[in-house]
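Asker: Could you have a look at this structure, given as structure tokens, before my questions?
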Amino acid sequence: MRIDEITNGIVIDHIKAGKGMQIYHFLKLGELDCPVAIIKNVNSHRMGKKDLIKVDTPMDIDLDVLGYIDAGITVNIIKDGKRVNKLNPTLPEKLVNVIKCKNPRCITTTEQEIDQIFKLTDKEKKVYRCAYCETKYSSD
Ligand SMILES: [Zn+2]
């Protein structure tokens with residue numbers, strides 16, 4: 001794959017510099033067997049520096065995951081070498097099986113088969129709470 005050229009696939013653009021690897025892991029891009037490129041610290045007029053991810057295969061992107069990580073991201077869908085669609089994720093109201101509840105007494109901790117569901121309770125501060133026990137999620 002030429003880094004600057006994709007025939008059919010996706011280009012995830014406007015990723016905050018340094019967040020490329022996080023997105024790579026969240027979207028499980030390591031499990032794909034097609035070419036995947038993470039380009040770090042690309043110069044950007046708008047952002048100073050940004051990361052870019054290119055995936056050389058058509059795939060469904062979980063926009064909720066991207067919106068959760070960074071709602072400023074742009075997803076470009078490339079078909080026959082041309083951009084056919086541009087998607088902007090938004091901060092999702094609900095996250096299913098993206099983050100895990102850390103409350104040891106939560107039902108999702110004891111019952112492994114239950115979906116991990118989080119609801120956005122404060123849009124400004126980007127606060128998510130477990131749908132079962134209302135524990136606030138923190139990434140650390
Ligand atoms: Zn919980």
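Starting from 1 in every chain, residues are counted up; chains themselves are A, B, ... following the order of the structure tokens, and ligands are numbered from 1 as listed.
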Give the residues close to ligand 1, within 6 Å, counting only C-alpha atoms and all ligand atoms; write them as an mmCIF file with C-alpha atoms, in the first residue's frame.
Answerer:
```cif
data_model
loop_
_atom_site.group_PDB
_atom_site.id
_atom_site.type_symbol
_atom_site.label_atom_id
_atom_site.label_comp_id
_atom_site.auth_asym_id
_atom_site.auth_seq_id
_atom_site.Cartn_x
_atom_site.Cartn_y
_atom_site.Cartn_z
ATOM 1 C CA CYS A 101 -17.475 -0.732 34.859
ATOM 2 C CA ASN A 103 -17.332 -1.182 40.510
ATOM 3 C CA CYS A 106 -21.646 -4.145 39.779
ATOM 4 C CA CYS A 130 -22.783 2.631 34.191
ATOM 5 C CA TYR A 132 -26.636 -0.718 36.050
ATOM 6 C CA CYS A 133 -24.942 0.809 39.064
ATOM 7 C CA THR A 135 -20.773 4.386 38.746
#
```
Asker: Could you list, as a short mmCIF file (atom, residue, chain, number, x, y, z; two decimals) with N, CA and C atoms, in the first residue's frame, every residue within 12 Å of Leu29 in chain A, counting only C-alpha atoms and ignoring same-chain residues fewer than 5 positions away?
Answerer:
```cif
data_model
loop_
_atom_site.label_atom_id
_atom_site.label_comp_id
_atom_site.auth_asym_id
_atom_site.auth_seq_id
_atom_site.Cartn_x
_atom_site.Cartn_y
_atom_site.Cartn_z
N ILE A 10 -10.84 3.07 4.23
CA ILE A 10 -11.20 4.25 5.02
C ILE A 10 -9.95 5.01 5.45
N GLY A 20 -3.77 8.19 17.93
CA GLY A 20 -3.88 7.20 16.86
C GLY A 20 -3.85 5.77 17.36
N MET A 21 -2.92 5.48 18.27
CA MET A 21 -2.79 4.11 18.78
C MET A 21 -4.00 3.69 19.59
N GLN A 22 -4.57 4.64 20.35
CA GLN A 22 -5.76 4.35 21.15
C GLN A 22 -6.91 3.93 20.23
N ILE A 23 -7.05 4.65 19.14
CA ILE A 23 -8.12 4.33 18.19
C ILE A 23 -7.85 2.99 17.52
N TYR A 24 -6.59 2.76 17.18
CA TYR A 24 -6.18 1.49 16.61
C TYR A 24 -6.61 0.33 17.51
N CYS A 34 -5.60 -6.88 6.46
CA CYS A 34 -5.28 -5.99 5.34
C CYS A 34 -4.26 -4.95 5.80
N PRO A 35 -3.67 -4.21 4.86
CA PRO A 35 -2.74 -3.16 5.28
C PRO A 35 -3.42 -2.08 6.11
N VAL A 36 -2.80 -1.74 7.24
CA VAL A 36 -3.29 -0.66 8.10
C VAL A 36 -2.10 0.25 8.38
N ALA A 37 -2.27 1.54 8.17
CA ALA A 37 -1.17 2.47 8.44
C ALA A 37 -1.59 3.50 9.47
N ILE A 38 -0.75 3.69 10.48
CA ILE A 38 -0.95 4.79 11.41
C ILE A 38 0.15 5.79 11.12
N ILE A 53 -5.13 7.52 10.29
CA ILE A 53 -5.13 6.05 10.15
C ILE A 53 -5.72 5.72 8.79
N LYS A 54 -5.05 4.82 8.08
CA LYS A 54 -5.55 4.38 6.78
C LYS A 54 -5.73 2.88 6.80
N VAL A 55 -6.90 2.45 6.38
CA VAL A 55 -7.20 1.02 6.35
C VAL A 55 -7.55 0.67 4.91
N ASP A 56 -6.79 -0.27 4.35
CA ASP A 56 -6.94 -0.58 2.94
C ASP A 56 -7.98 -1.68 2.69
N THR A 57 -9.13 -1.55 3.31
CA THR A 57 -10.24 -2.46 3.04
C THR A 57 -11.53 -1.77 3.46
N MET A 59 -14.63 -1.30 5.51
CA MET A 59 -15.04 -1.88 6.79
C MET A 59 -16.04 -0.95 7.47
N ASP A 60 -16.84 -1.54 8.34
CA ASP A 60 -17.76 -0.74 9.13
C ASP A 60 -17.02 -0.17 10.33
N ILE A 61 -17.11 1.12 10.47
CA ILE A 61 -16.44 1.77 11.58
C ILE A 61 -17.46 2.04 12.67
N ASP A 62 -17.10 1.74 13.89
CA ASP A 62 -17.97 2.04 15.02
C ASP A 62 -17.83 3.52 15.37
#
```
Asker: Can you tell me which residues surround Asn97 in chain A at a distance of at most 9 Å, considering only C-alpha atoms, apart from same-chain residues fewer than 2 positions away, and format the answer as a PyMOL selection string?
Answerer: chain A and resi 95+99-100+115-118
Asker: Write out as an NGL selection string the residues lying within 8 Å of Leu120 in chain A, counting only C-alpha atoms and excluding same-chain residues fewer than 2 positions away.
Answerer: :A and (92-94 or 118 or 122-123 or 126-129)
Asker: Produce a file of the selected residues containing C-alpha atoms, as a tab-separated table (two decimals), in the first residue's frame.
Answerer:
```tsv
chain	number	residue	atom	x	y	z
A	92	PRO	CA	-22.63	8.99	21.75
A	93	GLU	CA	-25.53	8.93	24.23
A	94	LYS	CA	-24.82	5.28	24.96
A	118	PHE	CA	-22.76	3.27	29.79
A	122	ASP	CA	-23.05	15.11	31.34
A	123	LYS	CA	-22.34	16.15	27.79
A	126	LYS	CA	-18.14	14.03	28.96
A	127	VAL	CA	-19.28	11.97	31.94
A	128	TYR	CA	-20.46	8.41	31.38
A	129	ARG	CA	-22.19	6.35	34.04
```
Asker: Which residue out of A:Val84, A:Val98, A:Leu91, A:Ala17 has the minimum interatomic distance to Lys50 in chain A when only C-alpha atoms are used?
Answerer: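 Checking each candidate against Lys50 in chain A, we get A:Ala17 as the closest.
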Asker: Please compute the CA of Thr74 in chain A-CA of Ile12 in chain A distance, one decimal, in Å.
Answerer: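 Computing it gives 5.8 Å between the two atoms.
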